[in-house]
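Colleague: Contents of entry-v5.csv (CSV, C-alpha atoms) are below:
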```csv
chain,number,residue,atom,x,y,z
N,1,MET,CA,-103.0,41.7,-143.8
N,2,THR,CA,-99.9,43.1,-142.1
N,3,ARG,CA,-97.8,45.6,-144.0
N,4,ASN,CA,-94.3,44.2,-144.8
N,5,ALA,CA,-95.1,41.0,-143.0
N,6,LYS,CA,-92.2,38.6,-142.6
N,7,TYR,CA,-94.1,35.6,-141.4
N,8,ARG,CA,-97.4,33.9,-142.2
N,9,PHE,CA,-99.0,32.4,-139.1
N,10,ILE,CA,-102.4,30.9,-138.3
N,11,LEU,CA,-103.4,30.9,-134.6
N,12,ILE,CA,-105.6,27.9,-133.7
N,13,PRO,CA,-107.6,27.9,-130.4
N,14,PRO,CA,-108.2,24.6,-128.6
N,15,PHE,CA,-112.0,25.0,-129.1
N,16,HIS,CA,-114.7,27.6,-129.6
N,17,LEU,CA,-117.6,27.8,-127.1
N,18,PRO,CA,-121.1,29.0,-128.1
N,19,ASP,CA,-121.3,32.8,-128.1
N,20,GLU,CA,-124.2,32.9,-125.6
N,21,ASN,CA,-123.4,30.2,-123.1
N,22,GLU,CA,-123.4,29.9,-119.3
N,23,PHE,CA,-119.9,28.5,-119.4
N,24,THR,CA,-118.3,31.2,-121.6
N,25,VAL,CA,-114.6,32.2,-121.0
N,26,PRO,CA,-112.7,35.2,-122.4
N,27,GLY,CA,-111.1,34.6,-125.8
N,28,TYR,CA,-113.0,31.4,-126.6
N,29,SER,CA,-116.6,32.6,-126.6
N,30,ILE,CA,-116.4,35.8,-128.7
N,31,PRO,CA,-118.8,36.0,-131.7
N,32,GLN,CA,-117.0,35.3,-135.0
N,33,HIS,CA,-118.2,38.5,-136.7
N,34,LYS,CA,-115.8,40.4,-134.4
N,35,SER,CA,-112.4,41.3,-135.8
N,36,LYS,CA,-109.5,38.9,-135.1
N,37,GLU,CA,-107.9,41.6,-132.9
N,38,GLU,CA,-111.1,41.7,-130.8
N,39,ARG,CA,-111.2,37.9,-130.5
N,40,LEU,CA,-107.5,37.5,-129.6
N,41,LEU,CA,-107.0,36.8,-125.9
N,42,ASN,CA,-104.9,39.5,-124.1
N,43,ALA,CA,-104.5,41.4,-127.3
N,44,ASP,CA,-103.0,44.4,-125.5
N,45,PHE,CA,-99.7,42.6,-124.9
N,46,VAL,CA,-99.9,39.9,-127.6
N,47,LEU,CA,-100.5,42.1,-130.7
N,48,PRO,CA,-97.0,43.8,-130.5
N,49,HIS,CA,-95.5,40.3,-131.2
N,50,LEU,CA,-97.6,40.0,-134.3
N,51,GLU,CA,-96.6,43.3,-135.9
N,52,ASP,CA,-94.3,41.6,-138.4
N,53,VAL,CA,-96.7,38.7,-139.0
N,54,ASP,CA,-99.5,38.2,-141.6
N,55,TRP,CA,-101.8,36.3,-139.3
N,56,GLU,CA,-105.2,34.7,-139.1
N,57,LEU,CA,-107.1,33.6,-136.1
N,58,HIS,CA,-108.9,30.3,-136.6
N,59,PRO,CA,-112.4,30.1,-135.0
N,60,GLY,CA,-111.6,26.9,-133.3
N,61,ALA,CA,-113.5,23.6,-133.4
N,62,LYS,CA,-116.7,23.0,-131.5
N,63,PRO,CA,-115.9,20.8,-128.4
N,64,PRO,CA,-117.2,17.3,-129.1
N,65,TYR,CA,-117.8,16.7,-125.3
N,66,GLY,CA,-120.0,19.7,-124.5
N,67,ASN,CA,-120.2,23.5,-124.2
N,68,TRP,CA,-117.5,24.1,-121.5
N,69,SER,CA,-113.7,24.4,-121.3
N,70,VAL,CA,-111.4,21.4,-121.2
N,71,GLU,CA,-110.1,20.2,-117.9
N,72,THR,CA,-110.1,16.4,-117.7
N,73,ARG,CA,-108.0,14.0,-119.7
N,74,GLU,CA,-111.1,12.8,-121.6
N,75,GLU,CA,-112.0,16.3,-122.6
N,76,PHE,CA,-108.5,17.1,-123.7
N,77,ALA,CA,-108.5,14.0,-125.8
N,78,HIS,CA,-111.7,15.0,-127.5
N,79,ALA,CA,-110.4,18.6,-128.1
N,80,ALA,CA,-107.1,17.2,-129.5
N,81,THR,CA,-108.9,15.1,-132.1
N,82,ALA,CA,-111.1,18.0,-133.2
N,83,ARG,CA,-108.2,20.4,-133.4
N,84,MET,CA,-106.0,18.1,-135.5
N,85,SER,CA,-108.4,18.3,-138.3
N,86,CYS,CA,-108.2,22.1,-138.2
N,87,VAL,CA,-104.4,21.9,-138.3
N,88,ARG,CA,-104.3,19.6,-141.2
N,89,GLU,CA,-106.8,21.8,-143.2
N,90,ALA,CA,-104.7,24.8,-142.5
N,91,CYS,CA,-101.4,23.1,-143.5
N,92,GLU,CA,-103.0,21.8,-146.7
N,93,THR,CA,-103.8,25.4,-147.9
N,94,GLY,CA,-100.1,26.2,-148.2
N,95,LYS,CA,-100.8,29.7,-146.9
N,96,TYR,CA,-98.9,29.5,-143.6
N,97,ASP,CA,-95.3,28.8,-142.5
N,98,ALA,CA,-96.3,28.3,-138.8
N,99,ALA,CA,-99.3,27.2,-136.8
N,100,ILE,CA,-99.6,28.5,-133.3
N,101,LEU,CA,-101.7,26.2,-131.0
N,102,LEU,CA,-103.4,28.4,-128.4
N,103,GLY,CA,-104.5,27.1,-125.0
N,104,GLY,CA,-102.3,26.2,-122.0
N,105,GLY,CA,-103.0,22.4,-122.1
N,106,GLU,CA,-102.1,22.3,-125.8
N,107,PRO,CA,-104.4,19.4,-126.9
N,108,GLY,CA,-103.1,17.7,-130.0
N,109,PHE,CA,-99.7,19.4,-130.0
N,110,LEU,CA,-97.5,16.4,-130.6
N,111,GLU,CA,-99.8,15.0,-133.3
N,112,SER,CA,-100.0,18.5,-134.9
N,113,ARG,CA,-96.2,18.7,-135.0
N,114,GLU,CA,-96.2,15.5,-137.0
N,115,ILE,CA,-98.8,16.9,-139.4
N,116,GLY,CA,-97.0,20.3,-139.7
N,117,ARG,CA,-93.7,18.6,-140.5
N,118,GLU,CA,-95.3,16.7,-143.4
N,119,PHE,CA,-96.2,20.1,-145.0
N,120,GLY,CA,-93.1,22.0,-143.9
N,121,VAL,CA,-95.1,24.1,-141.3
N,122,VAL,CA,-93.6,24.9,-137.9
N,123,VAL,CA,-96.0,24.1,-135.1
N,124,THR,CA,-95.6,25.6,-131.6
N,125,ALA,CA,-97.8,25.4,-128.5
N,126,ASN,CA,-98.2,27.3,-125.2
N,127,ALA,CA,-96.9,25.0,-122.5
N,128,PHE,CA,-94.1,23.6,-124.5
N,129,SER,CA,-92.9,27.1,-125.6
N,130,GLN,CA,-93.0,28.5,-122.1
N,131,MET,CA,-91.2,25.6,-120.5
N,132,TYR,CA,-88.3,25.4,-122.9
N,133,LEU,CA,-87.8,29.2,-123.0
N,134,ALA,CA,-87.9,29.1,-119.2
N,135,THR,CA,-85.0,26.6,-119.1
N,136,MET,CA,-82.9,29.1,-121.0
N,137,LEU,CA,-83.6,31.9,-118.5
N,138,GLY,CA,-83.1,30.2,-115.1
N,139,ASP,CA,-82.2,26.9,-113.5
N,140,GLY,CA,-85.8,26.0,-112.6
N,141,PHE,CA,-89.3,27.2,-113.2
N,142,SER,CA,-92.7,27.0,-111.5
N,143,ILE,CA,-96.2,27.2,-113.0
N,144,ILE,CA,-99.1,29.3,-111.7
N,145,ASP,CA,-102.3,27.5,-112.7
N,146,ILE,CA,-106.0,27.2,-112.1
N,147,GLU,CA,-106.9,24.5,-109.5
N,148,GLY,CA,-107.8,20.9,-109.4
N,149,VAL,CA,-107.7,18.4,-112.2
N,150,HIS,CA,-106.0,20.9,-114.6
N,151,ASN,CA,-103.0,20.8,-112.2
N,152,VAL,CA,-102.7,17.1,-112.6
N,153,TYR,CA,-103.1,17.2,-116.4
N,154,TYR,CA,-100.4,19.9,-116.5
N,155,ARG,CA,-98.1,17.7,-114.5
N,156,ASP,CA,-98.5,15.1,-117.3
N,157,LEU,CA,-97.4,17.7,-119.8
N,158,ILE,CA,-94.2,18.4,-117.8
N,159,ARG,CA,-93.5,14.7,-117.9
N,160,THR,CA,-94.3,14.5,-121.6
N,161,HIS,CA,-91.8,17.3,-122.3
N,162,GLN,CA,-89.2,15.6,-120.1
N,163,LEU,CA,-88.8,18.6,-117.8
N,164,THR,CA,-89.5,17.2,-114.4
N,165,HIS,CA,-86.0,17.9,-113.4
N,166,ARG,CA,-86.4,21.6,-114.2
N,167,CYS,CA,-89.9,22.2,-112.9
N,168,ARG,CA,-90.0,23.2,-109.3
N,169,SER,CA,-93.7,23.2,-108.7
N,170,ILE,CA,-97.3,23.8,-109.9
N,171,ARG,CA,-99.1,26.3,-107.7
N,172,SER,CA,-102.9,27.0,-107.8
N,173,ILE,CA,-104.7,30.3,-107.7
N,174,GLY,CA,-107.8,28.6,-106.2
N,175,TYR,CA,-110.1,29.0,-109.2
N,176,SER,CA,-111.3,26.7,-111.9
N,177,LEU,CA,-113.1,27.2,-115.2
N,178,PRO,CA,-116.9,27.2,-115.2
N,179,ARG,CA,-118.5,23.9,-116.0
N,180,PRO,CA,-121.7,21.9,-115.3
N,181,GLY,CA,-122.3,21.2,-111.6
N,182,ASP,CA,-120.5,24.3,-110.3
N,183,THR,CA,-122.4,26.1,-107.5
N,184,ASP,CA,-120.1,28.9,-106.5
N,185,PRO,CA,-121.1,32.1,-108.4
N,186,ASP,CA,-117.5,33.5,-107.9
N,187,THR,CA,-115.9,32.1,-111.1
N,188,LEU,CA,-112.6,32.8,-112.7
N,189,THR,CA,-114.4,34.4,-115.6
N,190,LYS,CA,-115.9,37.0,-113.1
N,191,GLN,CA,-112.4,37.6,-111.7
N,192,CYS,CA,-111.0,38.2,-115.2
N,193,GLU,CA,-113.7,40.8,-115.8
N,194,ALA,CA,-113.0,42.5,-112.5
N,195,VAL,CA,-109.3,42.8,-113.4
N,196,ALA,CA,-110.2,44.2,-116.8
N,197,ARG,CA,-112.3,46.9,-115.0
N,198,GLY,CA,-109.3,47.8,-112.8
N,199,ASP,CA,-110.9,46.5,-109.6
N,200,GLN,CA,-108.7,45.3,-106.8
N,201,ASN,CA,-108.7,41.6,-107.3
N,202,ILE,CA,-108.2,38.5,-105.2
N,203,VAL,CA,-106.9,36.5,-108.1
N,204,VAL,CA,-104.0,38.9,-108.8
N,205,GLU,CA,-103.1,38.9,-105.1
N,206,ARG,CA,-103.2,35.1,-105.0
N,207,ALA,CA,-101.1,34.8,-108.1
N,208,VAL,CA,-98.4,37.2,-106.9
N,209,ASN,CA,-98.4,35.4,-103.5
N,210,GLN,CA,-98.0,32.0,-105.1
N,211,ALA,CA,-95.3,33.2,-107.5
N,212,GLU,CA,-93.3,34.6,-104.6
N,213,ALA,CA,-93.8,31.3,-102.7
N,214,ALA,CA,-92.6,29.4,-105.7
N,215,ILE,CA,-89.4,31.5,-105.6
N,216,VAL,CA,-88.9,31.3,-101.8
N,217,GLU,CA,-90.1,27.9,-101.0
N,218,ASP,CA,-89.7,25.9,-104.2
N,219,GLY,CA,-86.6,27.4,-105.7
N,220,ALA,CA,-88.1,28.7,-108.9
N,221,GLU,CA,-86.1,31.2,-110.9
N,222,VAL,CA,-88.6,31.7,-113.7
N,223,ILE,CA,-92.4,31.9,-113.5
N,224,THR,CA,-94.7,30.4,-116.2
N,225,LEU,CA,-98.4,30.2,-116.5
N,226,GLY,CA,-100.6,27.1,-116.9
N,227,CYS,CA,-104.2,27.4,-118.2
N,228,SER,CA,-104.6,30.1,-120.9
N,229,MET,CA,-107.2,31.8,-118.6
N,230,THR,CA,-104.3,32.7,-116.3
N,231,PHE,CA,-102.2,34.3,-119.1
N,232,PHE,CA,-103.8,37.7,-118.3
N,233,LEU,CA,-101.9,37.6,-115.0
N,234,LYS,CA,-98.5,38.0,-116.6
N,235,PRO,CA,-98.1,41.8,-116.3
N,236,HIS,CA,-99.7,41.7,-112.8
N,237,ILE,CA,-97.3,39.1,-111.5
N,238,GLU,CA,-94.3,40.9,-113.1
N,239,ARG,CA,-95.3,44.2,-111.3
N,240,GLY,CA,-96.1,42.4,-108.1
N,241,LEU,CA,-92.9,40.6,-107.8
N,242,LYS,CA,-90.8,43.6,-108.7
N,243,LYS,CA,-92.5,45.6,-106.0
N,244,ARG,CA,-91.4,42.9,-103.5
N,245,GLY,CA,-87.9,43.0,-104.8
N,246,TRP,CA,-87.8,39.9,-107.1
N,247,ASP,CA,-86.3,40.3,-110.5
N,248,VAL,CA,-87.4,37.1,-112.4
N,249,PRO,CA,-88.8,36.5,-115.9
N,250,VAL,CA,-92.6,35.8,-116.2
N,251,LEU,CA,-93.7,34.0,-119.3
N,252,GLU,CA,-97.1,33.3,-120.9
N,253,GLY,CA,-98.1,31.0,-123.7
N,254,TYR,CA,-99.2,33.1,-126.6
N,255,THR,CA,-96.2,35.4,-126.9
N,256,SER,CA,-93.8,32.5,-126.1
N,257,SER,CA,-95.3,30.4,-128.9
N,258,ILE,CA,-95.3,33.2,-131.4
N,259,GLU,CA,-91.7,34.1,-130.7
N,260,LEU,CA,-90.5,30.5,-130.7
N,261,ALA,CA,-92.1,30.0,-134.1
N,262,LYS,CA,-90.2,33.0,-135.4
N,263,LEU,CA,-86.9,31.7,-134.0
N,264,MET,CA,-87.4,28.3,-135.7
N,265,LEU,CA,-88.2,29.9,-139.0
N,266,ASN,CA,-85.3,32.3,-138.8
N,267,LEU,CA,-83.0,29.3,-138.1
N,268,ASN,CA,-84.7,27.4,-141.0
N,269,VAL,CA,-85.4,24.4,-138.8
N,270,ASN,CA,-88.5,22.3,-138.0
N,271,ALA,CA,-89.1,19.3,-135.7
N,272,SER,CA,-86.8,16.4,-136.2
N,273,GLY,CA,-87.8,13.8,-138.8
N,274,ILE,CA,-86.8,11.1,-136.4
N,275,THR,CA,-88.9,12.3,-133.5
N,276,TYR,CA,-91.9,13.1,-135.8
N,277,MET,CA,-91.3,10.4,-138.4
N,278,GLY,CA,-93.8,9.9,-141.2
N,279,ALA,CA,-95.5,6.6,-141.9
N,280,ARG,CA,-92.9,5.6,-144.5
N,281,PRO,CA,-89.7,7.6,-144.0
N,282,PRO,CA,-86.9,7.3,-146.5
N,283,LYS,CA,-84.5,6.0,-143.8
N,284,THR,CA,-84.9,4.6,-140.3
N,285,ASN,CA,-82.6,3.3,-137.6
N,286,SER,CA,-82.7,-0.5,-136.8
N,287,ARG,CA,-82.4,0.4,-133.1
N,288,LEU,CA,-84.3,3.1,-131.3
N,289,HIS,CA,-82.4,4.4,-128.3
N,290,ILE,CA,-84.4,5.1,-125.1
```
What does the file become when written as structure tokens?
Modeller:
Amino acid sequence: MTRNAKYRFILIPPFHLPDENEFTVPGYSIPQHKSKEERLLNADFVLPHLEDVDWELHPGAKPPYGNWSVETREEFAHAATARMSCVREACETGKYDAAILLGGGEPGFLESREIGREFGVVVTANAFSQMYLATMLGDGFSIIDIEGVHNVYYRDLIRTHQLTHRCRSIRSIGYSLPRPGDTDPDTLTKQCEAVARGDQNIVVERAVNQAEAAIVEDGAEVITLGCSMTFFLKPHIERGLKKRGWDVPVLEGYTSSIELAKLMLNLNVNASGITYMGARPPKTNSRLHI
């Protein structure tokens, strides 16, 4: 419990991987007997945003497709279905005024907003929150992401959120999440561990280089982060860009989603009852505008 908490949030990961697993990733493979603070990804810079929140960290659903992280559309669809059940169960308790969906690809977000609105619960997610906050901070934003199929999936999210005209580019750091069939021992997980130890790191250098290229070559004025496994790069990209003379905002998903939920609650608003209409709304339009 948080002393004098103003908000009541539940943070729901996209999945939970087995504790002992060859495809573990930080934040989603930590044993459940650990404290919520120990299980929270990037707790060092996320926890200050939860100081006025009475919050719980859901364990996350077991991935129906296997024991690795989501990357393909099929895997995201499976994760979305599993997480929607978690969201509904949380909303039914009446304990929370907001549900924060963790994970850069935000599986099940639109459906969860529909569920949340039914119960009067605000639902936010990582890509959505970053992108729309970015539009208030600059004319255009770019995304620093892992590589490959996740870039294509994230492009779909930009289109879903109708922000293709504000997104300047998606740039890759050249690493993917560990999964079956991988043969390269140099994984993103190992690079995250190296950064945590304070070792000089190729991922940080690549991320700063790509962020600067997004500014110079693509016209980005704000930098956001894609996969949640890149969120740890936020302070490193900020420092790296400032050293090179660039003064631009850098956003990541957890803090953006938490603060957006607070804003919506402070304004006493939730998602539109037209956009997220229930099965039998009291009133509907006879013509839906496109």
Colleague: Could you tell me which of N:Glu221, N:Asp184, N:Glu212, N:Glu118 comes closest to N:Arg166 if we count only C-alpha atoms?
Modeller: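 Of all the options, N:Glu221 lies closest to N:Arg166.
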Colleague: For the atom pair atom CA of N:Pro18 and atom CA of N:Lys62, what is the interatomic distance in Å to one decimal place?
Modeller: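 Distance between the two atoms: 8.2 Å.
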Colleague: Using all atoms listed in the file, can you tell me which of N:Trp68, N:Tyr175, N:Trp55, N:Tyr154 comes closest to N:Leu17?
Modeller: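 Of N:Trp68, N:Tyr175, N:Trp55, N:Tyr154, the one nearest N:Leu17 is N:Trp68, counting all atoms listed in the file.
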Colleague: To one decimal in Å, tell me the separation between atom CA of N:Leu233 and atom CA of N:Tyr28.
Modeller: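 Here the two named atoms are 17.2 Å from each other.
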Colleague: For a quick check of understanding, using only C-alpha atoms, which of N:Gly245, N:Gly94, N:Gly253, N:Gly273 has the smallest distance to N:Gly226?
Modeller: N:Gly253
Colleague: Just to confirm, what's the straight-line distance from atom CA of N:Asp54 to atom CA of N:Phe128 in Å (one decimal)?
Modeller: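 We find that atom CA of N:Asp54 and atom CA of N:Phe128 lie 23.1 Å from each other.
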Colleague: Residues at most 9 Å from N:Gln210, counting all atoms listed in the file, excluding those fewer than 4 positions away in the same chain, as number ranges by chain?
Modeller: N: 144, 171-173, 205-206, 214-215
Colleague: Would you export the selected residues with C-alpha atoms as a compact mmCIF listing (two decimals), keeping the file's coordinate frame, please?
Modeller:
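So the final result, stored in again_38.txt, reads:
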```
# COMPACT_ATOMS: atom_id res chain seq x y z
CA ILE N 144 -99.10 29.30 -111.70
CA ARG N 171 -99.10 26.30 -107.70
CA SER N 172 -102.90 27.00 -107.80
CA ILE N 173 -104.70 30.30 -107.70
CA GLU N 205 -103.10 38.90 -105.10
CA ARG N 206 -103.20 35.10 -105.00
CA ALA N 214 -92.60 29.40 -105.70
CA ILE N 215 -89.40 31.50 -105.60
```
Colleague: So which residues fall inside 9 Å of (-100.6, 31.5, -146.5) if we count all atoms listed in the file? Mind giving them as an mmCIF file with C-alpha atoms, in the coordinates of the input?
Modeller:
```cif
data_model
loop_
_atom_site.group_PDB
_atom_site.id
_atom_site.type_symbol
_atom_site.label_atom_id
_atom_site.label_comp_id
_atom_site.auth_asym_id
_atom_site.auth_seq_id
_atom_site.Cartn_x
_atom_site.Cartn_y
_atom_site.Cartn_z
ATOM 1 C CA ARG N 8 -97.400 33.900 -142.200
ATOM 2 C CA PHE N 9 -99.000 32.400 -139.100
ATOM 3 C CA ILE N 10 -102.400 30.900 -138.300
ATOM 4 C CA ASP N 54 -99.500 38.200 -141.600
ATOM 5 C CA TRP N 55 -101.800 36.300 -139.300
ATOM 6 C CA ALA N 90 -104.700 24.800 -142.500
ATOM 7 C CA CYS N 91 -101.400 23.100 -143.500
ATOM 8 C CA THR N 93 -103.800 25.400 -147.900
ATOM 9 C CA GLY N 94 -100.100 26.200 -148.200
ATOM 10 C CA LYS N 95 -100.800 29.700 -146.900
ATOM 11 C CA TYR N 96 -98.900 29.500 -143.600
ATOM 12 C CA ASP N 97 -95.300 28.800 -142.500
#
```
Colleague: If we count all atoms listed in the file and set the cut-off at 8 Å, which residues sit around stretch 122-124 of chain N, ignoring sequence neighbours fewer than 5 positions away in its own chain? Please answer as a list in words.
Modeller: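 Residues near the query, excluding close chain neighbours: Asp97, Ala98, Ala99, Ile100, Leu101, Phe109, Ser112, Arg113, Gly116, Arg117, Ser129, Ser257, Ile258, Leu260, Ala261, Met264, Leu265, Asn270 and Ala271 of chain N.
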Colleague: Can I get the selection written as a compact mmCIF listing (two decimals), in the frame of the given file, with C-alpha atoms?
Modeller:
```
# COMPACT_ATOMS: atom_id res chain seq x y z
CA ASP N 97 -95.30 28.80 -142.50
CA ALA N 98 -96.30 28.30 -138.80
CA ALA N 99 -99.30 27.20 -136.80
CA ILE N 100 -99.60 28.50 -133.30
CA LEU N 101 -101.70 26.20 -131.00
CA PHE N 109 -99.70 19.40 -130.00
CA SER N 112 -100.00 18.50 -134.90
CA ARG N 113 -96.20 18.70 -135.00
CA GLY N 116 -97.00 20.30 -139.70
CA ARG N 117 -93.70 18.60 -140.50
CA SER N 129 -92.90 27.10 -125.60
CA SER N 257 -95.30 30.40 -128.90
CA ILE N 258 -95.30 33.20 -131.40
CA LEU N 260 -90.50 30.50 -130.70
CA ALA N 261 -92.10 30.00 -134.10
CA MET N 264 -87.40 28.30 -135.70
CA LEU N 265 -88.20 29.90 -139.00
CA ASN N 270 -88.50 22.30 -138.00
CA ALA N 271 -89.10 19.30 -135.70
```
Colleague: For N:His49, which residue among N:His161, N:Lys262, N:Lys36, N:Arg244 is the nearest when counting only C-alpha atoms?
Modeller: N:Lys262
Colleague: Check the smallest atom-to-atom distance from each of N:Ile202, N:Met84, N:Val70, N:Ala127 to N:Tyr254 using all atoms listed in the file, then report the winner.
Modeller: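 Nearest to N:Tyr254: N:Ala127.
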Colleague: For each of N:Phe76, N:Phe141, N:Phe45, N:Tyr132, take the minimum atom-to-atom distance to N:Thr224, counting all atoms listed in the file, then give the residue where this is smallest.
Modeller: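 Distance minimum relative to N:Thr224 lands on N:Phe141.
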